[in-house]
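Written below as structure tokens is the structure these notes are about.
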2 protein chains.
Amino acid sequence: MKFITLISELRKQVQQYKEEGLSIGLVPTMGYLHEGHTRLIESARQENEIVVVSVFVNPLQFGPGEDYESYPRDSQRDVDVADKHGADIVFMPEVSELYPHPQNITITVDSSMSAVLCGRSRPGHFDGVATVVMKLLQIVQPHSVFFGMKDAQQVAIIQRMIDDFNLPVQLIGCPTVREPDGLAKSSRNVYLDDEERRQATVLIQALQVGHKRLQQSIGTVNELIETVREQIQASSLAEIDYIEVCTYPHLEPILPERQLRDVTTHVLLAVAVKIGKTRLIDNVIHEPTTGNGGDGTLCFVH
Amino acid sequence: MKFITLISELRKQVQQYKEEGLSIGLVPTMGYLHEGHTRLIESARQENEIVVVSVFVNPLQFGPGEDYESYPRDSQRDVDVADKHGADIVFMPEVSELYPHPQNITITVDSSMSAVLCGRSRPGHFDGVATVVMKLLQIVQPHSVFFGMKDAQQVAIIQRMIDDFNLPVQLIGCPTVREPDGLAKSSRNVYLDDEERRQATVLIQALQVGHKRLQQSIGTVNELIETVREQIQASSLAEIDYIEVCTYPHLEPILPERQLRDVTTHVLLAVAVKIGKTRLIDNVIHEPTTGNGGDGTLCFVH
């Protein structure tokens, strides 16, 4: 496996692979790799002959007061984990390599997609995500790029960027990977103390209750949200950031008074909850026509 | 020569050329081709084996009240002209082909580059330019892309976009092409009546006076601007939009009281003037260290 920190070197290596006719899969990460990431690497491995894993904690997507400085990092372990799971290249640039001068030209995500869900409390976050992903896509020019569905809004926005800019790449959204008790894997889980870790299961438990209402088309959107809210509020350490129900992948609002049985699009039920000081997110995607949920059992190929 | 209106068809054709190992040059235009464009096509022809000319009046770069609807169009003539000057492909998509749904994800140019010069009176203009150029670059994936230096700010911004997003393409800025009396060629010159056309030479005449001050390092930036202003104001039909002096390609302001002899960067002296109802622009670029101006005699390779 090759460890690369320079854009020029990465380009050269990828170019060589392409001249050999090999297909390239890119897995963009912020490192501190967990099983969610390794499943992405394995999916990329299945779909492509060459797998590039980027590890970069992107300052552009952190707001003031967020955890950019303290975001967990472990470069050596990331290299070992990526290698073990089949990466051909780990690309780990310094901030000064990806942003040698202020990024004067950036991607802007329309507020219809960026000021809902996580974007509501993280202004500019998705502009920063889209900007760094655009850069990585230009540097690597992969045939396919892999993201986890835990960040469903991120997947929807990157897919829209691919469509809106006619980028020649296929996005593959892979199912959320969970701990045995259902907690979604996340690099930020390391922030939780024992009691917080126990209570963190309230996200998936609440989503499962909500998912059942969606599958059975019981009541209104507002009643769905209130049911999920009650579930989460039963946890003493949980502080709700948002519980939202919207269409997927367009992230359009659905009227609170709407009966679930009348909703004909994919539905995203998403939550963000602070457990102590740690903000966790999770979601389920429901497909009304067949009754199959997008709860992490299938890759969502765009 | 191939006439193509669909993205999918263009991609397929370009892909075929690339598989044959041919290099691709892209000349993005808004059509109504004049000698400024045909020189770009000829430059592309010299540098590449395949030349793609896009013709698309991009609604995103026109503001409310600007001339999007009335912008001169002549598709058949454009095809003939492009063919005659060596284009291999003319790509002429409908608006619905490039923008099948609202462009939710767009490029934003930082105000340091977009709120000066033409951007001051055309808010959002360069965001629209950058967005459509990014799309065209993704669709064609050319080895090089050609722009005219009459739009020096556009060239600076697109070059910055290429740098900031690590786009694998070389930008070549080609000299402004002029009528025998010095008026810069522009599709909008067709708007001028006879008397306006006569007075339109005031732009280049004023720039030449200014250029001489730059070459001889006479006086301050402010005195340079006032000299150019006096020249333009001698024309009865001329209404000044702006006269600006800034660094090139960064477009950073230079203090009005600064002595020209103390300025060590490339200097852009640019004007926008309304002659009757028609807004015209023109510029010179001065390189203080050698005394050579960028007045249209050399290709400016970035």
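Letters for chains follow the order of the structure tokens (A, B, ...), residue numbers begin at 1 for each chain, and ligand numbers begin at 1 in the order shown.
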I need the contact residues of chain A against chain B, so if you could list those with any atom within 9 Å, counting only C-alpha atoms, and return them as a CSV table (one decimal) with C-alpha atoms, in the first residue's frame, that would help.
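Final output, saved to result.csv:
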chain,number,residue,atom,x,y,z
A,7,ILE,CA,-1.2,16.0,-4.7
A,98,LEU,CA,-5.0,21.1,0.0
A,99,TYR,CA,-5.4,24.8,0.9
A,100,PRO,CA,-2.0,26.5,0.0
A,101,HIS,CA,-3.8,29.9,0.0
A,102,PRO,CA,-7.3,31.0,1.1
A,103,GLN,CA,-9.9,29.2,-1.0
A,104,ASN,CA,-11.3,32.1,-2.9
A,105,ILE,CA,-13.5,30.0,-5.1
A,106,THR,CA,-15.9,27.7,-3.2
A,107,ILE,CA,-19.0,25.6,-3.6
A,108,THR,CA,-22.2,26.9,-2.3
A,109,VAL,CA,-25.1,24.6,-1.5
A,110,ASP,CA,-28.6,26.2,-1.9
A,111,SER,CA,-30.3,26.8,1.4
A,112,SER,CA,-33.1,24.4,0.4
A,113,MET,CA,-30.6,21.6,0.9
A,130,ALA,CA,-18.9,20.1,-1.0
A,131,THR,CA,-15.8,22.2,-1.6
A,132,VAL,CA,-13.3,19.6,-0.2
A,134,MET,CA,-15.0,18.6,-5.3
A,135,LYS,CA,-11.2,19.1,-4.8
A,136,LEU,CA,-10.7,15.4,-4.0
A,138,GLN,CA,-10.7,16.6,-9.2
A,139,ILE,CA,-7.4,15.3,-7.8
A,157,ILE,CA,-25.9,17.0,-1.4
A,160,ARG,CA,-26.7,16.8,-6.3
A,161,MET,CA,-23.3,18.4,-6.8
A,164,ASP,CA,-25.4,19.8,-11.1
A,165,PHE,CA,-21.8,19.9,-12.3
A,166,ASN,CA,-22.0,16.9,-14.6
A,167,LEU,CA,-19.2,15.2,-12.7
A,168,PRO,CA,-18.2,11.9,-14.4
Can you pull out the residues contacting B:Phe56? Cut-off 9 Å, using only C-alpha atoms, and skip same-chain residues under 6 positions away; I want them as a PyMOL selection string. chain B and resi 28-31+91-95
Mind writing the picked residues with N, CA and C atoms as a PDB file, in the first residue's frame?
ATOM      1  N   PRO B  28     -14.829  28.018 -24.722  1.00  0.00           N
ATOM      2  CA  PRO B  28     -16.203  28.324 -24.284  1.00  0.00           C
ATOM      3  C   PRO B  28     -16.600  29.706 -24.793  1.00  0.00           C
ATOM      4  N   THR B  29     -17.747  29.812 -25.454  1.00  0.00           N
ATOM      5  CA  THR B  29     -18.210  31.106 -25.961  1.00  0.00           C
ATOM      6  C   THR B  29     -19.715  31.250 -25.701  1.00  0.00           C
ATOM      7  N   MET B  30     -20.171  32.505 -25.847  1.00  0.00           N
ATOM      8  CA  MET B  30     -21.613  32.745 -25.848  1.00  0.00           C
ATOM      9  C   MET B  30     -22.097  32.968 -27.285  1.00  0.00           C
ATOM     10  N   GLY B  31     -21.299  32.567 -28.252  1.00  0.00           N
ATOM     11  CA  GLY B  31     -21.722  32.648 -29.647  1.00  0.00           C
ATOM     12  C   GLY B  31     -21.616  34.039 -30.228  1.00  0.00           C
ATOM     13  N   PHE B  91     -20.480  22.513 -29.714  1.00  0.00           N
ATOM     14  CA  PHE B  91     -21.438  22.036 -28.703  1.00  0.00           C
ATOM     15  C   PHE B  91     -22.393  23.180 -28.402  1.00  0.00           C
ATOM     16  N   MET B  92     -23.674  22.985 -28.740  1.00  0.00           N
ATOM     17  CA  MET B  92     -24.640  24.059 -28.617  1.00  0.00           C
ATOM     18  C   MET B  92     -25.886  23.536 -27.880  1.00  0.00           C
ATOM     19  N   PRO B  93     -25.768  23.421 -26.545  1.00  0.00           N
ATOM     20  CA  PRO B  93     -26.886  22.825 -25.792  1.00  0.00           C
ATOM     21  C   PRO B  93     -28.016  23.824 -25.559  1.00  0.00           C
ATOM     22  N   GLU B  94     -29.220  23.304 -25.414  1.00  0.00           N
ATOM     23  CA  GLU B  94     -30.335  24.128 -24.933  1.00  0.00           C
ATOM     24  C   GLU B  94     -30.099  24.451 -23.448  1.00  0.00           C
ATOM     25  N   VAL B  95     -30.766  25.480 -22.966  1.00  0.00           N
ATOM     26  CA  VAL B  95     -30.690  25.807 -21.545  1.00  0.00           C
ATOM     27  C   VAL B  95     -31.157  24.609 -20.704  1.00  0.00           C
TER      28      VAL B  95
END
Near-stretch 236-252 of chain A list (9 Å; only C-alpha atoms; drop same-chain fewer than 6 positions) as a PyMOL selection string: chain A and resi 112-113+116-118+120-121+152-153+155-157+159-160+195-196+199-200+202+221-222+224-226+228-229+265-276+279+285-286
Per-residue DSSP, stretch 29-141 of chain B, filtered to helix (DSSP H, G or I), as a PyMOL selection string: chain B and resi 35-47+59-61+75-84+95-98+111-114+118-121+125-140
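Shortest atom-to-atom contact with A:Ser70 among A:Lys212, A:Arg188, A:Lys84, A:Arg258: A:Arg188, counting only C-alpha atoms.
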Contact residues around stretch 172-176 of chain A with only C-alpha atoms at 12 Å, ignoring same-chain residues under 5 positions, as number ranges by chain: A: 25-28, 34-44, 46-47, 143-159, 162, 182-186, 204, 249, 281-285, 293-302
Deliver the residues from the most recent selection as a file, using C-alpha atoms, as a compact mmCIF listing (two decimals), in the first residue's frame.
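Resulting contents of part-v2.txt:
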# COMPACT_ATOMS: atom_id res chain seq x y z
CA GLY A 25 -12.65 4.00 -6.19
CA LEU A 26 -12.31 6.88 -3.73
CA VAL A 27 -13.28 6.73 -0.07
CA PRO A 28 -13.06 10.26 1.41
CA HIS A 34 -13.96 2.70 12.32
CA GLU A 35 -16.01 -0.14 10.89
CA GLY A 36 -18.22 2.34 9.01
CA HIS A 37 -15.16 3.39 7.05
CA THR A 38 -13.76 -0.09 6.59
CA ARG A 39 -17.04 -1.24 5.06
CA LEU A 40 -16.75 1.67 2.61
CA ILE A 41 -13.22 0.56 1.76
CA GLU A 42 -14.44 -3.01 1.27
CA SER A 43 -17.30 -1.83 -0.96
CA ALA A 44 -14.85 0.23 -2.99
CA GLN A 46 -15.51 -4.90 -4.67
CA GLU A 47 -16.37 -2.26 -7.27
CA HIS A 143 -14.82 6.14 -11.30
CA SER A 144 -16.82 5.85 -8.09
CA VAL A 145 -16.87 7.53 -4.70
CA PHE A 146 -18.17 6.02 -1.46
CA PHE A 147 -20.03 7.64 1.45
CA GLY A 148 -21.87 6.27 4.47
CA MET A 149 -25.63 6.75 4.72
CA LYS A 150 -25.32 7.86 8.35
CA ASP A 151 -24.62 11.23 6.79
CA ALA A 152 -27.68 11.03 4.54
CA GLN A 153 -27.80 14.79 3.99
CA GLN A 154 -24.15 14.77 2.93
CA VAL A 155 -24.88 11.96 0.46
CA ALA A 156 -27.88 13.85 -0.98
CA ILE A 157 -25.85 17.05 -1.37
CA ILE A 158 -22.81 15.38 -2.95
CA GLN A 159 -25.08 13.50 -5.35
CA ILE A 162 -22.37 15.46 -9.11
CA GLY A 182 -27.55 -0.35 17.48
CA LEU A 183 -25.52 2.83 18.05
CA ALA A 184 -24.27 4.11 14.69
CA LYS A 185 -20.48 3.91 14.39
CA SER A 186 -18.93 7.36 14.51
CA ILE A 204 -31.60 4.20 17.16
CA PRO A 249 -32.91 12.79 -1.72
CA ILE A 281 -26.71 11.95 14.36
CA ASP A 282 -28.62 9.02 12.91
CA ASN A 283 -31.42 8.40 10.42
CA VAL A 284 -33.64 5.95 8.62
CA ILE A 285 -34.89 6.23 5.04
CA GLY A 293 -36.63 0.83 4.84
CA GLY A 294 -33.19 2.17 4.10
CA ASP A 295 -32.19 1.26 7.60
CA GLY A 296 -28.79 0.06 6.75
CA THR A 297 -29.35 -3.26 5.05
CA LEU A 298 -28.63 -2.26 1.45
CA CYS A 299 -26.20 -0.07 -0.43
CA PHE A 300 -28.04 2.92 -1.87
CA VAL A 301 -26.68 3.26 -5.37
CA HIS A 302 -27.38 6.62 -6.99
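Atom to atom, atom CA of A:Arg45 and atom CA of A:Tyr17 stand 14.7 Å apart.
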Compare A:Met1, A:Ile218, A:Leu60, A:Leu33 by their minimum atom-to-atom distance to A:Asp83, counting only C-alpha atoms, and give me the closest one. A:Met1
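The interatomic distance for the pair atom CA of B:Phe62 and atom CA of B:Glu97 works out to 18.1 Å.
Across the structure, atom CA of A:Ala87 and atom CA of B:Glu19 are spaced 27.5 Å apart.
The smallest atom-to-atom distance between A:Glu66 and any of A:Arg213, A:Pro123, A:Asp181, A:Ser54, using only C-alpha atoms, is found for A:Pro123.
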Run DSSP on the backbone of this structure and report the residues of stretch 29-101 of chain A it assigns to strand (DSSP E or B), as a ChimeraX atom specification. /A:29,50-55,89-91
Keeping only N, CA and C atoms, write the selected residues as a tab-separated table (two decimals), in the first residue's frame.
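Output saved as out.tsv:
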chain	number	residue	atom	x	y	z
A	29	THR	N	-12.46	10.31	3.76
A	29	THR	CA	-12.74	10.21	5.20
A	29	THR	C	-12.04	11.35	5.95
A	50	ILE	N	-8.63	-0.39	-8.00
A	50	ILE	CA	-7.76	0.40	-7.14
A	50	ILE	C	-8.62	1.20	-6.15
A	51	VAL	N	-8.23	1.19	-4.88
A	51	VAL	CA	-8.97	1.93	-3.86
A	51	VAL	C	-8.08	3.00	-3.24
A	52	VAL	N	-8.52	4.25	-3.33
A	52	VAL	CA	-7.83	5.36	-2.70
A	52	VAL	C	-8.65	5.80	-1.48
A	53	VAL	N	-8.02	5.83	-0.32
A	53	VAL	CA	-8.66	6.33	0.90
A	53	VAL	C	-8.01	7.67	1.24
A	54	SER	N	-8.82	8.73	1.27
A	54	SER	CA	-8.25	10.00	1.71
A	54	SER	C	-8.57	10.21	3.18
A	55	VAL	N	-7.60	10.73	3.91
A	55	VAL	CA	-7.75	11.02	5.34
A	55	VAL	C	-7.41	12.48	5.52
A	89	ILE	N	-3.98	3.00	-1.84
A	89	ILE	CA	-3.33	4.28	-1.55
A	89	ILE	C	-4.04	4.92	-0.36
A	90	VAL	N	-3.27	5.39	0.62
A	90	VAL	CA	-3.82	6.31	1.61
A	90	VAL	C	-3.26	7.69	1.29
A	91	PHE	N	-4.18	8.65	1.05
A	91	PHE	CA	-3.78	10.02	0.74
A	91	PHE	C	-4.05	10.87	1.98
